[in-house]
Structure formats: structure tokens, C-alpha cells
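Text of query_25.txt, listed as compact mmCIF, N, CA and C atoms:
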```txt
# COMPACT_ATOMS: atom_id res chain seq x y z
N MET A 1 181.47 89.19 131.94
CA MET A 1 182.76 88.57 131.69
C MET A 1 183.44 88.21 133.01
N ARG A 2 183.12 88.94 134.05
CA ARG A 2 183.74 88.66 135.35
C ARG A 2 183.49 87.21 135.78
N ILE A 3 182.26 86.73 135.63
CA ILE A 3 181.91 85.37 136.03
C ILE A 3 182.65 84.36 135.15
N ALA A 4 182.76 84.64 133.86
CA ALA A 4 183.49 83.74 132.96
C ALA A 4 184.96 83.69 133.34
N LEU A 5 185.55 84.82 133.68
CA LEU A 5 186.95 84.86 134.11
C LEU A 5 187.15 84.08 135.41
N ASP A 6 186.20 84.20 136.33
CA ASP A 6 186.29 83.44 137.58
C ASP A 6 186.19 81.93 137.30
N ALA A 7 185.31 81.54 136.38
CA ALA A 7 185.18 80.12 136.02
C ALA A 7 186.48 79.64 135.36
N ALA A 8 187.09 80.49 134.55
CA ALA A 8 188.36 80.13 133.92
C ALA A 8 189.45 79.91 134.97
N ALA A 9 189.51 80.80 135.95
CA ALA A 9 190.51 80.67 137.02
C ALA A 9 190.31 79.37 137.78
N GLN A 10 189.08 79.01 138.05
CA GLN A 10 188.79 77.76 138.76
C GLN A 10 189.20 76.55 137.92
N ALA A 11 188.96 76.61 136.63
CA ALA A 11 189.37 75.52 135.74
C ALA A 11 190.89 75.37 135.79
N GLY A 12 191.60 76.49 135.76
CA GLY A 12 193.06 76.45 135.83
C GLY A 12 193.55 75.82 137.11
N LEU A 13 192.92 76.15 138.22
CA LEU A 13 193.29 75.56 139.51
C LEU A 13 193.06 74.05 139.52
N ALA A 14 192.10 73.59 138.73
CA ALA A 14 191.79 72.16 138.64
C ALA A 14 192.66 71.44 137.61
N GLY A 15 193.59 72.17 137.00
CA GLY A 15 194.48 71.56 136.02
C GLY A 15 193.98 71.58 134.59
N GLU A 16 192.86 72.25 134.37
CA GLU A 16 192.31 72.39 133.02
C GLU A 16 192.82 73.70 132.42
N VAL A 17 192.87 73.78 131.10
CA VAL A 17 193.20 75.05 130.46
C VAL A 17 192.17 76.07 130.93
N PRO A 18 192.61 77.22 131.44
CA PRO A 18 191.68 78.17 132.05
C PRO A 18 190.81 78.95 131.06
N VAL A 19 189.70 78.36 130.73
CA VAL A 19 188.70 79.00 129.87
C VAL A 19 187.36 78.86 130.57
N GLY A 20 186.62 79.97 130.63
CA GLY A 20 185.30 79.97 131.23
C GLY A 20 184.30 80.62 130.30
N ALA A 21 183.03 80.27 130.49
CA ALA A 21 181.96 80.81 129.64
C ALA A 21 180.68 80.94 130.43
N VAL A 22 179.86 81.91 130.04
CA VAL A 22 178.53 82.05 130.62
C VAL A 22 177.53 82.33 129.51
N VAL A 23 176.32 81.84 129.70
CA VAL A 23 175.21 82.15 128.80
C VAL A 23 174.31 83.12 129.55
N VAL A 24 173.95 84.19 128.85
CA VAL A 24 173.13 85.25 129.43
C VAL A 24 171.84 85.36 128.63
N GLN A 25 170.72 85.45 129.35
CA GLN A 25 169.42 85.65 128.73
C GLN A 25 168.74 86.82 129.44
N ASP A 26 168.32 87.82 128.70
CA ASP A 26 167.66 88.99 129.27
C ASP A 26 168.47 89.61 130.41
N GLY A 27 169.79 89.67 130.24
CA GLY A 27 170.66 90.30 131.23
C GLY A 27 170.99 89.46 132.44
N ALA A 28 170.49 88.22 132.52
CA ALA A 28 170.76 87.35 133.67
C ALA A 28 171.56 86.13 133.23
N ILE A 29 172.54 85.75 134.03
CA ILE A 29 173.32 84.55 133.74
C ILE A 29 172.44 83.33 134.03
N ILE A 30 172.30 82.48 133.01
CA ILE A 30 171.48 81.27 133.20
C ILE A 30 172.33 80.01 133.21
N ALA A 31 173.59 80.10 132.77
CA ALA A 31 174.46 78.92 132.77
C ALA A 31 175.91 79.36 132.75
N THR A 32 176.73 78.56 133.40
CA THR A 32 178.17 78.80 133.45
C THR A 32 178.87 77.52 133.04
N GLY A 33 180.00 77.66 132.37
CA GLY A 33 180.79 76.50 131.99
C GLY A 33 182.27 76.80 132.13
N ALA A 34 183.04 75.77 132.34
CA ALA A 34 184.49 75.88 132.40
C ALA A 34 185.08 74.67 131.70
N ASN A 35 186.28 74.84 131.17
CA ASN A 35 186.93 73.72 130.51
C ASN A 35 187.01 72.52 131.45
N ALA A 36 186.68 71.34 130.92
CA ALA A 36 186.72 70.12 131.74
C ALA A 36 187.05 68.86 130.93
N PRO A 37 187.77 68.96 129.81
CA PRO A 37 188.06 67.74 129.05
C PRO A 37 188.84 66.68 129.84
N ARG A 38 189.79 67.11 130.63
CA ARG A 38 190.58 66.13 131.39
C ARG A 38 189.77 65.52 132.51
N ARG A 39 189.07 66.35 133.24
CA ARG A 39 188.28 65.87 134.37
C ARG A 39 187.17 64.93 133.91
N LEU A 40 186.53 65.26 132.81
CA LEU A 40 185.40 64.46 132.33
C LEU A 40 185.81 63.39 131.31
N HIS A 41 187.09 63.39 130.94
CA HIS A 41 187.56 62.46 129.90
C HIS A 41 186.71 62.62 128.64
N ASP A 42 186.51 63.88 128.26
CA ASP A 42 185.63 64.22 127.15
C ASP A 42 186.26 65.36 126.35
N PRO A 43 186.77 65.08 125.16
CA PRO A 43 187.41 66.14 124.38
C PRO A 43 186.46 67.26 123.96
N THR A 44 185.16 67.04 124.07
CA THR A 44 184.20 68.09 123.70
C THR A 44 183.79 68.96 124.89
N ALA A 45 184.35 68.72 126.05
CA ALA A 45 183.95 69.44 127.27
C ALA A 45 184.63 70.80 127.39
N HIS A 46 184.58 71.58 126.32
CA HIS A 46 185.09 72.95 126.36
C HIS A 46 184.09 73.82 127.12
N ALA A 47 184.57 74.94 127.63
CA ALA A 47 183.73 75.84 128.44
C ALA A 47 182.46 76.25 127.70
N GLU A 48 182.59 76.59 126.42
CA GLU A 48 181.43 77.03 125.65
C GLU A 48 180.39 75.92 125.55
N VAL A 49 180.84 74.72 125.24
CA VAL A 49 179.93 73.59 125.10
C VAL A 49 179.26 73.28 126.43
N GLN A 50 180.03 73.34 127.51
CA GLN A 50 179.46 73.09 128.84
C GLN A 50 178.36 74.10 129.15
N ALA A 51 178.62 75.38 128.88
CA ALA A 51 177.64 76.43 129.16
C ALA A 51 176.41 76.31 128.26
N ILE A 52 176.63 76.02 126.97
CA ILE A 52 175.51 75.87 126.04
C ILE A 52 174.64 74.68 126.43
N ARG A 53 175.27 73.57 126.77
CA ARG A 53 174.50 72.39 127.20
C ARG A 53 173.65 72.70 128.44
N ALA A 54 174.25 73.37 129.41
CA ALA A 54 173.53 73.70 130.65
C ALA A 54 172.37 74.64 130.36
N ALA A 55 172.58 75.64 129.51
CA ALA A 55 171.51 76.57 129.17
C ALA A 55 170.38 75.88 128.41
N ALA A 56 170.73 75.04 127.45
CA ALA A 56 169.71 74.31 126.68
C ALA A 56 168.89 73.40 127.58
N THR A 57 169.56 72.75 128.51
CA THR A 57 168.85 71.87 129.45
C THR A 57 167.92 72.69 130.34
N LEU A 58 168.42 73.80 130.86
CA LEU A 58 167.61 74.66 131.72
C LEU A 58 166.37 75.18 131.00
N LEU A 59 166.55 75.61 129.76
CA LEU A 59 165.44 76.18 128.98
C LEU A 59 164.58 75.12 128.30
N GLY A 60 165.10 73.89 128.22
CA GLY A 60 164.33 72.81 127.60
C GLY A 60 164.21 72.94 126.10
N ARG A 61 165.26 73.48 125.48
CA ARG A 61 165.25 73.63 124.02
C ARG A 61 166.67 73.70 123.49
N ASP A 62 166.81 73.40 122.20
CA ASP A 62 168.15 73.39 121.61
C ASP A 62 168.54 74.72 120.99
N ARG A 63 167.62 75.59 120.76
CA ARG A 63 167.91 76.89 120.14
C ARG A 63 167.90 77.98 121.21
N LEU A 64 169.00 78.71 121.25
CA LEU A 64 169.18 79.75 122.26
C LEU A 64 169.28 81.12 121.60
N GLU A 65 168.36 81.36 120.66
CA GLU A 65 168.42 82.58 119.86
C GLU A 65 168.23 83.87 120.67
N ASP A 66 167.72 83.77 121.87
CA ASP A 66 167.55 84.94 122.72
C ASP A 66 168.64 85.02 123.79
N CYS A 67 169.75 84.31 123.56
CA CYS A 67 170.84 84.26 124.55
C CYS A 67 172.15 84.77 123.95
N ASP A 68 173.00 85.24 124.84
CA ASP A 68 174.35 85.67 124.50
C ASP A 68 175.34 84.75 125.18
N LEU A 69 176.51 84.59 124.58
CA LEU A 69 177.57 83.78 125.17
C LEU A 69 178.78 84.67 125.42
N TRP A 70 179.27 84.62 126.64
CA TRP A 70 180.48 85.33 127.04
C TRP A 70 181.54 84.28 127.33
N VAL A 71 182.71 84.38 126.69
CA VAL A 71 183.76 83.38 126.88
C VAL A 71 185.12 84.07 126.94
N THR A 72 186.02 83.48 127.68
CA THR A 72 187.31 84.12 127.93
C THR A 72 188.33 83.94 126.82
N LEU A 73 188.08 83.05 125.87
CA LEU A 73 189.01 82.80 124.78
C LEU A 73 188.23 82.64 123.48
N GLU A 74 188.81 83.13 122.40
CA GLU A 74 188.20 82.97 121.08
C GLU A 74 187.85 81.50 120.85
N PRO A 75 186.60 81.21 120.52
CA PRO A 75 186.18 79.81 120.33
C PRO A 75 186.92 79.10 119.20
N CYS A 76 187.12 77.80 119.41
CA CYS A 76 187.70 76.93 118.39
C CYS A 76 186.61 76.59 117.36
N ALA A 77 186.97 75.83 116.36
CA ALA A 77 186.00 75.46 115.32
C ALA A 77 184.83 74.65 115.88
N MET A 78 185.13 73.72 116.79
CA MET A 78 184.05 72.91 117.38
C MET A 78 183.07 73.81 118.13
N CYS A 79 183.60 74.72 118.93
CA CYS A 79 182.73 75.58 119.73
C CYS A 79 181.99 76.59 118.85
N ALA A 80 182.65 77.09 117.81
CA ALA A 80 181.97 77.99 116.88
C ALA A 80 180.80 77.27 116.22
N GLY A 81 181.00 75.99 115.88
CA GLY A 81 179.90 75.20 115.32
C GLY A 81 178.76 75.05 116.31
N ALA A 82 179.09 74.80 117.57
CA ALA A 82 178.05 74.67 118.60
C ALA A 82 177.30 75.99 118.78
N ILE A 83 178.02 77.10 118.73
CA ILE A 83 177.41 78.42 118.86
C ILE A 83 176.43 78.65 117.70
N ALA A 84 176.85 78.30 116.50
CA ALA A 84 175.98 78.48 115.34
C ALA A 84 174.76 77.57 115.43
N HIS A 85 174.95 76.30 115.80
CA HIS A 85 173.82 75.37 115.90
C HIS A 85 172.85 75.78 117.00
N ALA A 86 173.36 76.37 118.08
CA ALA A 86 172.51 76.81 119.18
C ALA A 86 171.82 78.14 118.85
N ARG A 87 172.23 78.77 117.76
CA ARG A 87 171.65 80.06 117.34
C ARG A 87 171.87 81.16 118.38
N ILE A 88 173.04 81.15 119.02
CA ILE A 88 173.40 82.19 119.99
C ILE A 88 173.32 83.54 119.28
N ALA A 89 172.70 84.53 119.92
CA ALA A 89 172.51 85.84 119.30
C ALA A 89 173.81 86.64 119.22
N ARG A 90 174.53 86.71 120.33
CA ARG A 90 175.75 87.50 120.39
C ARG A 90 176.84 86.72 121.11
N LEU A 91 178.05 86.81 120.57
CA LEU A 91 179.23 86.19 121.16
C LEU A 91 180.17 87.29 121.61
N TYR A 92 180.54 87.26 122.88
CA TYR A 92 181.53 88.17 123.43
C TYR A 92 182.71 87.33 123.88
N TYR A 93 183.91 87.64 123.43
CA TYR A 93 185.06 86.88 123.93
C TYR A 93 186.20 87.82 124.27
N ALA A 94 187.04 87.34 125.19
CA ALA A 94 188.12 88.16 125.74
C ALA A 94 189.37 88.07 124.87
N ALA A 95 190.14 87.01 125.02
CA ALA A 95 191.43 86.89 124.34
C ALA A 95 191.30 86.21 122.99
N SER A 96 192.05 86.71 122.04
CA SER A 96 192.14 86.06 120.73
C SER A 96 193.01 84.82 120.85
N ASP A 97 192.80 83.87 119.94
CA ASP A 97 193.58 82.64 119.93
C ASP A 97 194.11 82.38 118.52
N PRO A 98 195.28 82.95 118.20
CA PRO A 98 195.83 82.79 116.85
C PRO A 98 196.10 81.34 116.46
N LYS A 99 196.37 80.46 117.43
CA LYS A 99 196.68 79.06 117.12
C LYS A 99 195.43 78.20 116.97
N GLY A 100 194.43 78.39 117.81
CA GLY A 100 193.29 77.48 117.80
C GLY A 100 191.94 78.15 117.59
N GLY A 101 191.93 79.47 117.51
CA GLY A 101 190.67 80.18 117.35
C GLY A 101 190.08 79.99 115.96
N ALA A 102 188.77 80.11 115.87
CA ALA A 102 188.10 79.91 114.59
C ALA A 102 187.11 81.02 114.26
N VAL A 103 187.22 82.14 114.99
CA VAL A 103 186.32 83.27 114.72
C VAL A 103 187.06 84.33 113.91
N GLU A 104 188.14 84.87 114.47
CA GLU A 104 188.94 85.84 113.72
C GLU A 104 190.22 85.22 113.17
N HIS A 105 190.49 83.99 113.54
CA HIS A 105 191.67 83.27 113.07
C HIS A 105 191.24 81.96 112.40
N GLY A 106 192.23 81.25 111.87
CA GLY A 106 191.97 79.93 111.29
C GLY A 106 190.85 79.95 110.27
N PRO A 107 189.87 79.07 110.44
CA PRO A 107 188.81 78.94 109.43
C PRO A 107 187.80 80.08 109.40
N ARG A 108 187.83 80.97 110.38
CA ARG A 108 186.84 82.07 110.43
C ARG A 108 185.44 81.49 110.17
N PHE A 109 185.07 80.61 111.05
CA PHE A 109 183.88 79.78 110.90
C PHE A 109 182.63 80.54 110.48
N PHE A 110 182.36 81.67 111.13
CA PHE A 110 181.11 82.38 110.86
C PHE A 110 181.10 83.06 109.49
N CYS A 111 182.24 83.13 108.82
CA CYS A 111 182.32 83.71 107.48
C CYS A 111 182.13 82.68 106.38
N GLN A 112 182.05 81.40 106.75
CA GLN A 112 181.94 80.34 105.75
C GLN A 112 180.51 80.26 105.20
N PRO A 113 180.38 79.99 103.93
CA PRO A 113 179.04 79.89 103.34
C PRO A 113 178.21 78.74 103.91
N THR A 114 178.85 77.75 104.48
CA THR A 114 178.13 76.63 105.07
C THR A 114 177.63 76.93 106.48
N CYS A 115 178.00 78.06 107.02
CA CYS A 115 177.53 78.46 108.36
C CYS A 115 176.16 79.12 108.19
N HIS A 116 175.14 78.53 108.78
CA HIS A 116 173.78 79.00 108.58
C HIS A 116 173.32 80.02 109.61
N HIS A 117 174.09 80.22 110.66
CA HIS A 117 173.77 81.25 111.66
C HIS A 117 175.06 81.94 112.08
N ARG A 118 175.03 83.25 112.05
CA ARG A 118 176.19 84.05 112.44
C ARG A 118 175.80 84.98 113.57
N PRO A 119 176.37 84.76 114.76
CA PRO A 119 176.06 85.67 115.85
C PRO A 119 176.78 87.00 115.65
N GLU A 120 176.31 88.03 116.31
CA GLU A 120 177.09 89.26 116.38
C GLU A 120 178.31 88.91 117.23
N VAL A 121 179.47 89.42 116.87
CA VAL A 121 180.71 89.07 117.58
C VAL A 121 181.38 90.32 118.11
N TYR A 122 181.76 90.27 119.40
CA TYR A 122 182.46 91.36 120.07
C TYR A 122 183.68 90.77 120.76
N ALA A 123 184.86 91.24 120.38
CA ALA A 123 186.11 90.68 120.91
C ALA A 123 186.84 91.67 121.79
N GLY A 124 187.71 91.14 122.66
CA GLY A 124 188.61 91.97 123.43
C GLY A 124 188.12 92.41 124.80
N ILE A 125 186.97 91.96 125.22
CA ILE A 125 186.41 92.36 126.52
C ILE A 125 187.07 91.51 127.61
N GLY A 126 187.87 92.14 128.46
CA GLY A 126 188.59 91.40 129.49
C GLY A 126 189.80 90.66 128.95
N GLU A 127 190.29 91.10 127.81
CA GLU A 127 191.37 90.40 127.10
C GLU A 127 192.63 90.27 127.94
N GLU A 128 193.04 91.32 128.60
CA GLU A 128 194.30 91.29 129.35
C GLU A 128 194.28 90.25 130.47
N GLU A 129 193.20 90.22 131.23
CA GLU A 129 193.11 89.25 132.33
C GLU A 129 193.02 87.82 131.81
N ALA A 130 192.23 87.61 130.77
CA ALA A 130 192.10 86.27 130.20
C ALA A 130 193.43 85.78 129.63
N ALA A 131 194.13 86.65 128.92
CA ALA A 131 195.43 86.27 128.36
C ALA A 131 196.43 85.97 129.46
N SER A 132 196.38 86.74 130.54
CA SER A 132 197.28 86.51 131.67
C SER A 132 197.02 85.16 132.33
N LEU A 133 195.76 84.79 132.50
CA LEU A 133 195.42 83.48 133.06
C LEU A 133 196.03 82.36 132.22
N LEU A 134 195.88 82.48 130.91
CA LEU A 134 196.40 81.45 130.01
C LEU A 134 197.92 81.41 130.02
N LYS A 135 198.56 82.57 129.94
CA LYS A 135 200.03 82.61 129.94
C LYS A 135 200.59 82.03 131.23
N ASP A 136 200.03 82.42 132.35
CA ASP A 136 200.50 81.91 133.64
C ASP A 136 200.29 80.40 133.75
N PHE A 137 199.17 79.91 133.27
CA PHE A 137 198.87 78.48 133.31
C PHE A 137 199.92 77.69 132.53
N PHE A 138 200.19 78.11 131.29
CA PHE A 138 201.14 77.37 130.45
C PHE A 138 202.59 77.57 130.90
N LYS A 139 202.90 78.74 131.43
CA LYS A 139 204.25 78.99 131.94
C LYS A 139 204.55 78.05 133.10
N ALA A 140 203.58 77.80 133.97
CA ALA A 140 203.76 76.92 135.12
C ALA A 140 203.97 75.47 134.71
N ARG A 141 203.56 75.11 133.51
CA ARG A 141 203.66 73.73 133.05
C ARG A 141 204.91 73.46 132.21
N ARG A 142 205.66 74.51 131.92
CA ARG A 142 206.87 74.33 131.09
C ARG A 142 208.07 74.08 131.94
```

Here is a file; write its structure as C-alpha cells.
Amino acid sequence: MRIALDAAAQAGLAGEVPVGAVVVQDGAIIATGANAPRRLHDPTAHAEVQAIRAAATLLGRDRLEDCDLWVTLEPCAMCAGAIAHARIARLYYAASDPKGGAVEHGPRFFCQPTCHHRPEVYAGIGEEEAASLLKDFFKARR
């Protein structure tokens, strides 16, 4: 989670919402992602999607069933869908997102009958630091 938090901090410094993600395979980080929708002019450039794309490219396959995803914020519906399609084994996330999250909030994506893959989910790891990054980022913009 430390690397994901560092990626989130860097995204915040670049003017992006501070969210970072890493994909881990066999205990080693194989891909890192950070929010970049503004920089890339791409609404799908969330940290999770960036990390999943990088990992899939590195491994040369679309299914990452032997990989875990660590992310600093509860994934939105789009990212939860990407996690399910990539067949991520385990999802670890730091801060909950009552407004935009789709794992424990909103649509609870992985609980839907149309979701064909459900990763193991672990929440709250590094929550205080991740929440602080987000609060400070938005406070500075108000």
C-alpha cells in the first residue's frame, strides 16, 4: 500500500485526484498506476485502470487471476468492472468512498448477480493516510 499511497501523492501534486494503485503478482509489484484523467484527457484513466492495463501489457494477457490489486480509494463502478473482467484475485483498498465507491457503497458491484468474478476484498489498509491525501487535495481547491 505504501507504493500506492506514494503514487496517489504524486497524482495530487500533478493536479489529479490523489488515487494510486499497484498490481502485485507473487509478492512483487508488477505495475503501478495513478489517476490521470485530466493529464491524458481520458475519463477512464483511473489509477486502477492504469495499473491493470500496465500489468496486462507486461504479462501479455487480459486475465490477471494470479494478481492482487492495491488501491488507495474504494473503486468506482467502472473500476470494479475492470477488476472483475481482469479476474483480479484480491482487492485491497484504503479509504472508503461513500459518494462514488461501488464495492461497499453504491451499487456494491461484486454482489450483483451479473458480476461473474468476485475478488476477495480487504478494506481499510492505510485508510487514514489515503483519506488525508484526499481531504487535503479537495480542501486546497475550495

Write out as a list in words the residues lying within 12 Å of A:Phe109, counting only C-alpha atoms and excluding same-chain residues fewer than 2 positions away.
->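 Result of the neighbour search: Glu74, Pro75, Cys76, Ala77, Met78, Cys79, Ala80, Gly81, Ala82, Ile83, Ala84, Gly100, Gly101, Ala102, Val103, Glu104, His105, Gly106, Pro107, Cys111, Gln112, Pro113, Thr114, Cys115, His116, His117, Arg118, Pro119 and Val121 of chain A.
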
Step by step: start from the point (195.2, 89.0, 134.5) in the file's coordinates, keep every protein, DNA or RNA residue that has an atom no farther than 12 Å from it, count only C-alpha atoms, and write the set as a list in words.
-> Arg2, Leu5, Asp6, Ala8, Ala9, Pro18, Thr72, Ala94, Ala95, Gly126, Glu127, Glu128, Glu129, Ala130, Ala131, Ser132, Leu133, Leu134, Lys135, Asp136 and Phe137 of chain A

Selected residue of minimal separation from A:Phe138 among A:Phe110, A:Val17, A:Val71, A:Ile29, counting only N, CA and C atoms |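 Once distances to A:Phe138 are computed over only N, CA and C atoms, the minimum belongs to A:Val17.
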
For A:Asn35, which of A:Leu13, A:Ala56, A:Ala47, A:Ala140 is the closest residue, counting all atoms listed in the file?
->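 Between A:Leu13, A:Ala56, A:Ala47, A:Ala140, the residue approaching A:Asn35 most closely is A:Ala47.
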
Mind pulling up the distance from atom CA of A:Ile30 to atom CA of A:Cys67?
-> 9.2 Å

d(atom N of A:Ala55, atom CA of A:Gly33) in Å |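 For atom N of A:Ala55 relative to atom CA of A:Gly33, the distance reads 8.6 Å.
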